[in-house]
Structures are given as C-alpha cells and as structure tokens.
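*Asks:* My questions will all concern the structure given below.
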Amino acid sequence: MNNNSPTRKMEIGYGILLLLTVLQEALVYVHVYIDQSFAMVEFVLSMAILLALLLGYVLPMGVSVVLVFVYLVSYVVWLATYANTSVIVYAWLLVMPANVLIAGFIKTYLLRSKRLVERLEELKEINPVIDLDTALGNKMAFAETMLRQSNLAKRYEGKYSFCLAMFKIEFLPFVQESLGSEGYSRLLLELSQTIQKQLRFEDYKFSLDEGRFVVLLPMTDKDYLRQLTERIKHAMMDKDFPDKKGRQLKLVIRSGALVFQKEQFNQYEQIDSVIAALERNAELDLIGEYV
C-alpha cells in the first residue's frame with residue numbers, strides 16, 4: 001500500500017492513539033501505586049481525555065490548534081500556582097493536547113477517504129465501462145464493442161474480420177488466498193499492463209471478473225492468432241510477483257480464442273454466450289470457430 005495514502009495515514013493515527021491510550025492508563029496506575037490515592041482532580045483530568053478526543057474529532061483542525069495553545073498556557077499557569085505535583089498532573093500537560101491533535105488528524109484523513117470513495121462512485125456513474133482495478137474496458141464495454149465489430153464484419157464480408165482471445169487465471173481461489181485482496185488487485189493491474197504491451201494500438205482489451213481478460217483483434221488471421229495467444233500467455237506467466245510470504249507466485253494462465261464466423265452473427269449479440277465459448281476454449285487452450 002502507498003505510504004502516502006489516506007488509509008495508511010489513518011492506520012498510523014489509530015496506532016498512535018492506541019499507544020497514547022495505553023500510556024494514559026499506565027500513568028493512572030503508576031499514580032495510584034505511588035500515592036495510594038486517586039483524588040477528584042485526577043478524576044476530572046482523566047474524564048477530560050474523552051472530551052479532548054471528542055473536541056479533536058468534531059472541531060476543525062485550525063480551531064483545535066488554537067484550543068491546544070490556550071490549554072497549554074492555562075495549564076502551565078495552573079500548574080505553577082495551584083496544582084499539587086504528581087506524575088499524572090505533569091503528564092497531562094502533553095497528553096490532553098496529543099488527544100485533541102491525533103483525533104483531528106484521524107478525522108482529516110477520514111474525510112479525505114470519504115471524498116476519494118465519493119469520487120470513485122462518481123467516476124463509475126460517469127464512465128461505467130471502465131474496470132477500476134485494471135483501467136481496461138469491462139463487460140459492458142466488451143458487449144458494445146462486440147456488437148460494433150460483428151456488424152462491421154458482416155457488412156464488409158471478405159474484407160474485414162476479427163478474432164477474440166481470453167486469458168484466464170487458473171486456480172483463482174488459491175491465487176487470491178496467496179496474495180490477499182491488495183496483492184490480487186496489484187496482480188490484475190500488472191497483468192493488464194503486460195497484455196497491453198503485447199498488442200497493437202488498434203486492438204481492444206477488456207477485464208472481466210474472476211481473473212479473466214479478453215482481447216479483440218481486428219484483421220487478425222487464425223495462424224497469427226495462435227502465436228499471439230501463446231506469446232501473451234507466457235508473458236503473463238513469466239511475471240515476477242511475490243505472494244504474502246515473499247515467495248515467488250507460480251501463475252498458471254489458460255487461453256482460448258474464437259474466429260468470427262458470419263453464419264453465427266446473431267450469436268455475437270449474446271455476450272454471455274461469447275464469454276462462455278471463450279471459457280470452454282480456454283479450458284483446452286483451443287482456437288475455435290463456433291460460439
């Protein structure tokens with residue numbers, strides 16, 4: 001995970017807050033052990049911890065900083081004139097401001113994460129044909145492109161045609177378990193980039209669910225298709241990618257392909273049928289001609 005991401009910074013903030021809470025509890029126990037008492041002043045200061053967390057979370061960061069400054073000045077004056085000296089009284093000089101600032105820190109990155117999620121949802125609404133994990137077209141984009149290409153191939157029979165190929169991650173549950181959700185997302189992105197490097201500018205790339213990638217190749221003959229699918233498959237399997245334990249992941253990729261046939265034109269309008277045919281061919285590493 002990127003160390004500058006809002007989620008990572010929230011994790012750091014929560015970790016610091018947890019350590020600070022443990023420190024505060026330890027100070028209370030040390031005070032009770034040394035003085036064998038827990039007076040009203042210490043009780044009020046301890047309850048103020050909860051108020052400090054609430055203020056830090058509710059108030060804007062700028063207001064929180066001003067309150068921390070006012071608190072420090074006031075506390076130093078009180079400490080010098082009225083307070084009884086003890087470990088817990090001195091410790092609260094820094095503990096309270098730390099609670100306010102860390103709570104404000106966490107709130108800031110919670111808001112950033114919320115805005116990021118909202119932006120991603122807006123992008124899904126604006127451009128629903130893009131798969132966010134791989135930046136490739138998704139199933140909806142595949143269906144639209146399939147319809148356009150099949151119409152072109154029917155209209156210009158003998159002059160225009162296309163082929164399809166699917167690349168599928170074998171043993172997908174094992175791969176997902178080995179990598180975890182974050183590692184699996186990175187793997188999908190790297191595989192999509194590997195595929196794109198092997199294709200021409202005019203070729204189409206799509207990412208389906210369950211570890212499946214589909215490419216549509218205009219004006220590609222069957223003989224070249226076999227060489228291309230083998231080259232892409234081996235490039236994907238040759239990726240150096242470590243699992244959660246740092247060991248090299250052994251990827252197995254299946255590939256299958258279809259060559260457009262005019263007599264099956266109506267079948268290409270049913271995208272699920274096309275995907276199913278590609279799946280069947282991928283199980284056997286086969287180039288087929290019928291959906």
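Chain identifiers are assigned as A, B, and so on, following the order in which chains appear in the structure tokens; residues are numbered from 1 within each chain, and ligands are numbered from 1 in order of appearance.
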Which residues come within 8 Å of Lys139 of chain A, counting only C-alpha atoms, excluding same-chain residues fewer than 3 positions away, as a ChimeraX atom specification?

*Replies:* /A:129,142-143,206-208

*Asks:* Using only C-alpha atoms, determine which residues lie at most 9 Å from segment 226-230 of chain A, disregarding the query and same-chain residues fewer than 2 positions distant; provide the list as a PyMOL selection string.

*Replies:* chain A and resi 165-167+198-199+222-224+232-235+255-257+286-287

*Asks:* Would you mind listing what lies within 12 Å of Asn266 of chain A as a list in words, with only C-alpha atoms counted and same-chain residues fewer than 6 positions away left out?

*Replies:*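 Final neighbour list, sorted by chain and number: Met146, Leu147, Ser150, Asn151, Lys154, Phe260, Ser273, Val274, Tyr290 and Val291 of chain A.
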
*Asks:* Find the residues around Ser178 of chain A up to 12 Å (only C-alpha atoms counted), leave out those fewer than 4 positions away in its own chain, and share them as a PyMOL selection string.

*Replies:* chain A and resi 171-174+182-184+187+241-251

*Asks:* For the selection just defined, write its residues with all heavy atoms to a file, as a short mmCIF file (atom, residue, chain, number, x, y, z; two decimals), in the first residue's frame.

*Replies:*
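Listing of again_13.cif after writing:
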data_model
loop_
_atom_site.label_atom_id
_atom_site.label_comp_id
_atom_site.auth_asym_id
_atom_site.auth_seq_id
_atom_site.Cartn_x
_atom_site.Cartn_y
_atom_site.Cartn_z
N PHE A 171 -6.68 -21.73 -11.06
CA PHE A 171 -6.59 -21.89 -9.60
C PHE A 171 -6.77 -20.54 -8.89
O PHE A 171 -6.00 -20.17 -8.00
CB PHE A 171 -5.26 -22.53 -9.19
CG PHE A 171 -4.90 -23.76 -9.96
CD1 PHE A 171 -3.79 -23.78 -10.80
CD2 PHE A 171 -5.69 -24.91 -9.88
CE1 PHE A 171 -3.46 -24.90 -11.53
CE2 PHE A 171 -5.37 -26.05 -10.60
CZ PHE A 171 -4.25 -26.05 -11.42
N LEU A 172 -7.80 -19.80 -9.32
CA LEU A 172 -8.00 -18.43 -8.84
C LEU A 172 -8.15 -18.33 -7.32
O LEU A 172 -7.54 -17.44 -6.70
CB LEU A 172 -9.22 -17.81 -9.54
CG LEU A 172 -9.49 -16.35 -9.19
CD1 LEU A 172 -8.32 -15.47 -9.62
CD2 LEU A 172 -10.78 -15.87 -9.87
N PRO A 173 -8.95 -19.20 -6.65
CA PRO A 173 -9.06 -19.07 -5.18
C PRO A 173 -7.71 -19.18 -4.47
O PRO A 173 -7.45 -18.46 -3.51
CB PRO A 173 -9.99 -20.24 -4.80
CG PRO A 173 -10.78 -20.50 -6.03
CD PRO A 173 -9.85 -20.24 -7.17
N PHE A 174 -6.85 -20.08 -4.97
CA PHE A 174 -5.51 -20.22 -4.37
C PHE A 174 -4.69 -18.95 -4.57
O PHE A 174 -3.98 -18.50 -3.65
CB PHE A 174 -4.79 -21.42 -4.99
CG PHE A 174 -3.35 -21.54 -4.57
CD1 PHE A 174 -3.01 -22.02 -3.32
CD2 PHE A 174 -2.34 -21.14 -5.45
CE1 PHE A 174 -1.68 -22.12 -2.93
CE2 PHE A 174 -1.01 -21.24 -5.07
CZ PHE A 174 -0.68 -21.72 -3.81
N GLU A 182 -5.31 -6.83 -1.54
CA GLU A 182 -4.46 -5.76 -2.09
C GLU A 182 -3.48 -6.32 -3.11
O GLU A 182 -3.31 -5.77 -4.21
CB GLU A 182 -3.70 -5.07 -0.96
CG GLU A 182 -2.82 -3.93 -1.45
CD GLU A 182 -1.95 -3.36 -0.35
OE1 GLU A 182 -2.26 -3.60 0.84
OE2 GLU A 182 -0.96 -2.67 -0.67
N GLY A 183 -2.84 -7.45 -2.79
CA GLY A 183 -1.89 -8.05 -3.71
C GLY A 183 -2.57 -8.53 -4.98
O GLY A 183 -2.01 -8.40 -6.08
N TYR A 184 -3.79 -9.07 -4.86
CA TYR A 184 -4.52 -9.55 -6.04
C TYR A 184 -4.87 -8.38 -6.96
O TYR A 184 -4.77 -8.51 -8.19
CB TYR A 184 -5.77 -10.29 -5.60
CG TYR A 184 -6.62 -10.79 -6.75
CD1 TYR A 184 -6.12 -11.75 -7.63
CD2 TYR A 184 -7.89 -10.28 -6.97
CE1 TYR A 184 -6.89 -12.21 -8.69
CE2 TYR A 184 -8.67 -10.73 -8.03
CZ TYR A 184 -8.17 -11.70 -8.89
OH TYR A 184 -8.93 -12.13 -9.95
N LEU A 187 -1.82 -7.51 -8.83
CA LEU A 187 -1.55 -8.52 -9.86
C LEU A 187 -2.40 -8.27 -11.10
O LEU A 187 -1.89 -8.33 -12.24
CB LEU A 187 -1.84 -9.92 -9.31
CG LEU A 187 -1.73 -11.07 -10.32
CD1 LEU A 187 -0.28 -11.25 -10.78
CD2 LEU A 187 -2.27 -12.37 -9.74
N PHE A 241 6.17 -12.08 -9.36
CA PHE A 241 5.21 -11.50 -8.42
C PHE A 241 5.25 -12.29 -7.12
O PHE A 241 4.95 -13.49 -7.10
CB PHE A 241 3.80 -11.53 -9.02
CG PHE A 241 2.89 -10.49 -8.45
CD1 PHE A 241 2.80 -9.23 -9.02
CD2 PHE A 241 2.15 -10.75 -7.30
CE1 PHE A 241 1.97 -8.26 -8.48
CE2 PHE A 241 1.34 -9.80 -6.76
CZ PHE A 241 1.23 -8.54 -7.36
N PRO A 242 5.61 -11.64 -6.00
CA PRO A 242 5.70 -12.36 -4.72
C PRO A 242 4.34 -12.48 -4.05
O PRO A 242 3.47 -11.62 -4.21
CB PRO A 242 6.63 -11.47 -3.89
CG PRO A 242 6.39 -10.09 -4.43
CD PRO A 242 6.10 -10.26 -5.90
N ASP A 243 4.14 -13.57 -3.28
CA ASP A 243 2.92 -13.70 -2.50
C ASP A 243 3.08 -13.00 -1.15
O ASP A 243 4.05 -12.28 -0.92
CB ASP A 243 2.54 -15.18 -2.32
CG ASP A 243 3.63 -15.97 -1.58
OD1 ASP A 243 4.48 -15.36 -0.92
OD2 ASP A 243 3.61 -17.21 -1.65
N LYS A 244 2.12 -13.20 -0.24
CA LYS A 244 2.14 -12.51 1.05
C LYS A 244 3.35 -12.88 1.88
O LYS A 244 3.80 -12.10 2.73
CB LYS A 244 0.86 -12.84 1.85
CG LYS A 244 -0.39 -12.23 1.28
CD LYS A 244 -1.58 -12.39 2.20
CE LYS A 244 -1.99 -13.84 2.34
NZ LYS A 244 -3.25 -14.00 3.13
N LYS A 245 3.92 -14.07 1.66
CA LYS A 245 5.07 -14.52 2.44
C LYS A 245 6.40 -14.22 1.74
O LYS A 245 7.45 -14.65 2.21
CB LYS A 245 4.95 -16.02 2.70
CG LYS A 245 3.73 -16.39 3.54
CD LYS A 245 3.66 -17.89 3.79
CE LYS A 245 2.44 -18.25 4.63
NZ LYS A 245 2.35 -19.72 4.86
N GLY A 246 6.33 -13.50 0.62
CA GLY A 246 7.55 -13.14 -0.10
C GLY A 246 8.04 -14.20 -1.06
O GLY A 246 9.08 -14.02 -1.71
N ARG A 247 7.32 -15.29 -1.19
CA ARG A 247 7.72 -16.34 -2.11
C ARG A 247 7.20 -16.04 -3.52
O ARG A 247 6.19 -15.38 -3.68
CB ARG A 247 7.20 -17.70 -1.63
CG ARG A 247 7.78 -18.13 -0.29
CD ARG A 247 7.16 -19.42 0.20
NE ARG A 247 5.71 -19.30 0.37
CZ ARG A 247 4.96 -20.17 1.03
NH1 ARG A 247 5.53 -21.25 1.57
NH2 ARG A 247 3.66 -19.99 1.14
N GLN A 248 7.89 -16.58 -4.52
CA GLN A 248 7.51 -16.33 -5.90
C GLN A 248 6.19 -17.03 -6.23
O GLN A 248 6.03 -18.23 -6.02
CB GLN A 248 8.61 -16.82 -6.84
CG GLN A 248 8.41 -16.41 -8.30
CD GLN A 248 8.47 -14.91 -8.49
OE1 GLN A 248 9.18 -14.22 -7.79
NE2 GLN A 248 7.71 -14.42 -9.44
N LEU A 249 5.23 -16.27 -6.75
CA LEU A 249 3.94 -16.83 -7.13
C LEU A 249 4.06 -17.56 -8.47
O LEU A 249 4.60 -17.02 -9.43
CB LEU A 249 2.89 -15.72 -7.24
CG LEU A 249 1.48 -16.17 -7.64
CD1 LEU A 249 0.84 -16.97 -6.50
CD2 LEU A 249 0.62 -14.95 -7.97
N LYS A 250 3.57 -18.79 -8.52
CA LYS A 250 3.59 -19.57 -9.76
C LYS A 250 2.23 -19.44 -10.44
O LYS A 250 1.25 -20.07 -10.03
CB LYS A 250 3.90 -21.04 -9.46
CG LYS A 250 5.24 -21.27 -8.78
CD LYS A 250 6.41 -20.88 -9.68
CE LYS A 250 7.74 -21.21 -9.02
NZ LYS A 250 8.89 -20.81 -9.85
N LEU A 251 2.17 -18.60 -11.45
CA LEU A 251 0.91 -18.36 -12.15
C LEU A 251 0.70 -19.38 -13.26
O LEU A 251 1.64 -19.71 -13.99
CB LEU A 251 0.91 -16.96 -12.76
CG LEU A 251 0.31 -15.81 -11.95
CD1 LEU A 251 0.36 -14.53 -12.78
CD2 LEU A 251 -1.12 -16.09 -11.52
#

*Asks:* Here is a test: counting only C-alpha atoms, which residue of A:Ala153, A:Leu217, A:Val95, A:Leu101 is nearest to Val65 of chain A?

*Replies:* A:Leu101

*Asks:* Go ahead and compute the interatomic distance for atom CA of Val100 of chain A and atom CA of Val76 of chain A, in Å to one decimal.

*Replies:*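 So the answer is 17.5 Å.
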
*Asks:* One decimal, Å: what's the distance from atom CA of Thr194 of chain A over to atom CA of Gln261 of chain A, could you say?

*Replies:* 28.8 Å

*Asks:* For a quick check of understanding, using only C-alpha atoms, which of A:Leu23, A:Leu51, A:Ala98, A:Met219 has the smallest distance to Lys159 of chain A?

*Replies:*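 Closest to Lys159 of chain A, using only C-alpha atoms: A:Met219.
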
*Asks:* Would you mind reading off the distance between atom CA of Arg254 of chain A and atom CA of Lys168 of chain A, one decimal, in Å?

*Replies:*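 Pair atom CA of Arg254 of chain A / atom CA of Lys168 of chain A returns 5.1 Å.
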
*Asks:* Using DSSP secondary structure from the backbone, list all strand (DSSP E or B) positions within segment 92-264 of chain A, as number ranges by chain.

*Replies:* A: 130, 137, 162-169, 204-208, 212-218, 242, 248, 253-259

*Asks:* For the structure I just gave you, how does DSSP split segment 46-273 of chain A - specifically, which residues are alpha helix (DSSP H)? Reply as a PyMOL selection string.

*Replies:* chain A and resi 46-58+61-81+87-126+139-155+172-198+222-237+271-273

*Asks:* Residues of the last selection are to be written out with C-alpha atoms, as a tab-separated table (two decimals), in the first residue's frame.

*Replies:*
chain	number	residue	atom	x	y	z
A	46	SER	CA	-8.95	11.56	33.31
A	47	MET	CA	-12.54	12.28	32.23
A	48	ALA	CA	-11.27	15.25	30.25
A	49	ILE	CA	-9.47	12.76	27.99
A	50	LEU	CA	-12.79	11.74	26.48
A	51	LEU	CA	-13.76	15.38	25.99
A	52	ALA	CA	-10.41	16.07	24.31
A	53	LEU	CA	-10.95	13.21	21.87
A	54	LEU	CA	-14.47	14.44	21.12
A	55	LEU	CA	-13.33	18.03	20.55
A	56	GLY	CA	-10.47	16.93	18.32
A	57	TYR	CA	-12.84	14.84	16.20
A	58	VAL	CA	-15.68	17.40	15.99
A	61	MET	CA	-8.13	21.35	12.80
A	62	GLY	CA	-7.43	25.10	12.98
A	63	VAL	CA	-9.76	25.56	15.95
A	64	SER	CA	-8.24	22.52	17.64
A	65	VAL	CA	-4.73	24.00	17.33
A	66	VAL	CA	-5.89	27.28	18.92
A	67	LEU	CA	-7.57	25.40	21.78
A	68	VAL	CA	-4.41	23.36	22.35
A	69	PHE	CA	-2.36	26.57	22.62
A	70	VAL	CA	-4.85	28.11	25.08
A	71	TYR	CA	-4.88	24.88	27.09
A	72	LEU	CA	-1.06	24.73	27.31
A	73	VAL	CA	-0.79	28.31	28.53
A	74	SER	CA	-3.63	27.89	31.05
A	75	TYR	CA	-2.34	24.55	32.29
A	76	VAL	CA	1.18	25.88	32.85
A	77	VAL	CA	-0.24	28.80	34.87
A	78	TRP	CA	-2.42	26.43	36.93
A	79	LEU	CA	0.48	24.02	37.38
A	80	ALA	CA	2.73	26.81	38.70
A	81	THR	CA	0.19	28.27	41.11
A	87	VAL	CA	3.32	12.20	37.78
A	88	ILE	CA	-0.19	12.27	36.36
A	89	VAL	CA	-0.58	16.04	36.74
A	90	TYR	CA	2.64	16.75	34.85
A	91	ALA	CA	1.89	14.12	32.20
A	92	TRP	CA	-1.48	15.67	31.41
A	93	LEU	CA	0.32	18.79	30.18
A	94	LEU	CA	1.06	16.90	26.93
A	95	VAL	CA	-1.44	14.04	26.99
A	96	MET	CA	-4.54	16.23	26.54
A	97	PRO	CA	-3.20	18.21	23.54
A	98	ALA	CA	-1.97	14.97	21.98
A	99	ASN	CA	-5.51	13.52	22.23
A	100	VAL	CA	-7.00	16.58	20.52
A	101	LEU	CA	-4.46	16.69	17.70
A	102	ILE	CA	-4.46	12.96	16.95
A	103	ALA	CA	-8.27	12.86	16.89
A	104	GLY	CA	-8.21	15.81	14.47
A	105	PHE	CA	-5.56	14.03	12.37
A	106	ILE	CA	-7.75	10.93	12.09
A	107	LYS	CA	-10.82	13.00	11.23
A	108	THR	CA	-8.92	14.81	8.44
A	109	TYR	CA	-7.96	11.56	6.70
A	110	LEU	CA	-11.37	10.02	7.26
A	111	LEU	CA	-12.83	12.97	5.33
A	112	ARG	CA	-10.21	12.57	2.59
A	113	SER	CA	-11.01	8.87	2.28
A	114	LYS	CA	-14.72	9.68	2.14
A	115	ARG	CA	-14.15	12.18	-0.67
A	116	LEU	CA	-12.00	9.64	-2.52
A	117	VAL	CA	-14.73	6.99	-2.30
A	118	GLU	CA	-17.36	9.51	-3.42
A	119	ARG	CA	-15.16	10.47	-6.39
A	120	LEU	CA	-14.75	6.83	-7.40
A	121	GLU	CA	-18.52	6.37	-7.24
A	122	GLU	CA	-18.96	9.45	-9.44
A	123	LEU	CA	-16.48	8.02	-11.94
A	124	LYS	CA	-18.46	4.77	-12.03
A	125	GLU	CA	-21.59	6.75	-12.86
A	126	ILE	CA	-19.85	8.92	-15.46
A	139	LYS	CA	-18.08	-6.45	-19.60
A	140	MET	CA	-20.38	-3.62	-20.69
A	141	ALA	CA	-17.67	-2.15	-22.92
A	142	PHE	CA	-16.94	-5.62	-24.30
A	143	ALA	CA	-20.61	-6.09	-25.25
A	144	GLU	CA	-20.76	-2.71	-27.02
A	145	THR	CA	-17.50	-3.28	-28.90
A	146	MET	CA	-18.56	-6.81	-29.80
A	147	LEU	CA	-21.77	-5.52	-31.36
A	148	ARG	CA	-19.96	-2.88	-33.43
A	149	GLN	CA	-17.25	-5.26	-34.64
A	150	SER	CA	-19.65	-8.05	-35.59
A	151	ASN	CA	-21.75	-5.59	-37.61
A	152	LEU	CA	-18.64	-4.35	-39.40
A	153	ALA	CA	-17.54	-7.91	-40.16
A	154	LYS	CA	-20.98	-8.80	-41.55
A	155	ARG	CA	-21.23	-5.63	-43.64
A	172	LEU	CA	-8.00	-18.43	-8.84
A	173	PRO	CA	-9.06	-19.07	-5.18
A	174	PHE	CA	-5.51	-20.22	-4.37
A	175	VAL	CA	-4.02	-17.13	-6.05
A	176	GLN	CA	-6.37	-14.80	-4.16
A	177	GLU	CA	-5.59	-16.51	-0.86
A	178	SER	CA	-1.83	-16.33	-1.52
A	179	LEU	CA	-1.87	-12.63	-2.37
A	180	GLY	CA	-4.65	-11.12	-0.27
A	181	SER	CA	-7.06	-8.53	-1.67
A	182	GLU	CA	-4.46	-5.76	-2.09
A	183	GLY	CA	-1.89	-8.05	-3.71
A	184	TYR	CA	-4.52	-9.55	-6.04
A	185	SER	CA	-5.55	-6.06	-7.20
A	186	ARG	CA	-1.92	-5.24	-7.98
A	187	LEU	CA	-1.55	-8.52	-9.86
A	188	LEU	CA	-4.56	-7.72	-12.05
A	189	LEU	CA	-3.10	-4.31	-12.85
A	190	GLU	CA	0.30	-5.75	-13.75
A	191	LEU	CA	-1.24	-8.48	-15.91
A	192	SER	CA	-3.36	-5.93	-17.76
A	193	GLN	CA	-0.23	-3.86	-18.45
A	194	THR	CA	1.58	-6.98	-19.66
A	195	ILE	CA	-1.22	-7.75	-22.11
A	196	GLN	CA	-1.28	-4.19	-23.44
A	197	LYS	CA	2.46	-4.31	-24.19
A	198	GLN	CA	1.89	-7.30	-26.49
A	222	LYS	CA	-6.04	-17.68	-37.35
A	223	ASP	CA	-2.40	-18.67	-37.87
A	224	TYR	CA	-1.08	-15.50	-36.27
A	225	LEU	CA	-3.67	-15.75	-33.51
A	226	ARG	CA	-2.08	-18.96	-32.18
A	227	GLN	CA	1.35	-17.32	-31.97
A	228	LEU	CA	-0.07	-14.21	-30.32
A	229	THR	CA	-2.07	-16.02	-27.64
A	230	GLU	CA	0.93	-18.18	-26.75
A	231	ARG	CA	3.18	-15.12	-26.52
A	232	ILE	CA	0.77	-13.23	-24.28
A	233	LYS	CA	0.12	-16.26	-22.09
A	234	HIS	CA	3.81	-16.89	-21.47
A	235	ALA	CA	4.46	-13.19	-20.83
A	236	MET	CA	1.75	-13.26	-18.13
A	237	MET	CA	3.11	-16.44	-16.54
A	271	ILE	CA	-22.24	-11.52	-24.87
A	272	ASP	CA	-22.69	-14.22	-22.22
A	273	SER	CA	-22.67	-16.89	-24.94

*Asks:* Given the choices A:Leu59, A:Val215, A:Val259, A:Val252, which gets closest to Ser161 of chain A if the distance is worked out from only C-alpha atoms?

*Replies:*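 Under the stated criterion, the closest residue is A:Val259.
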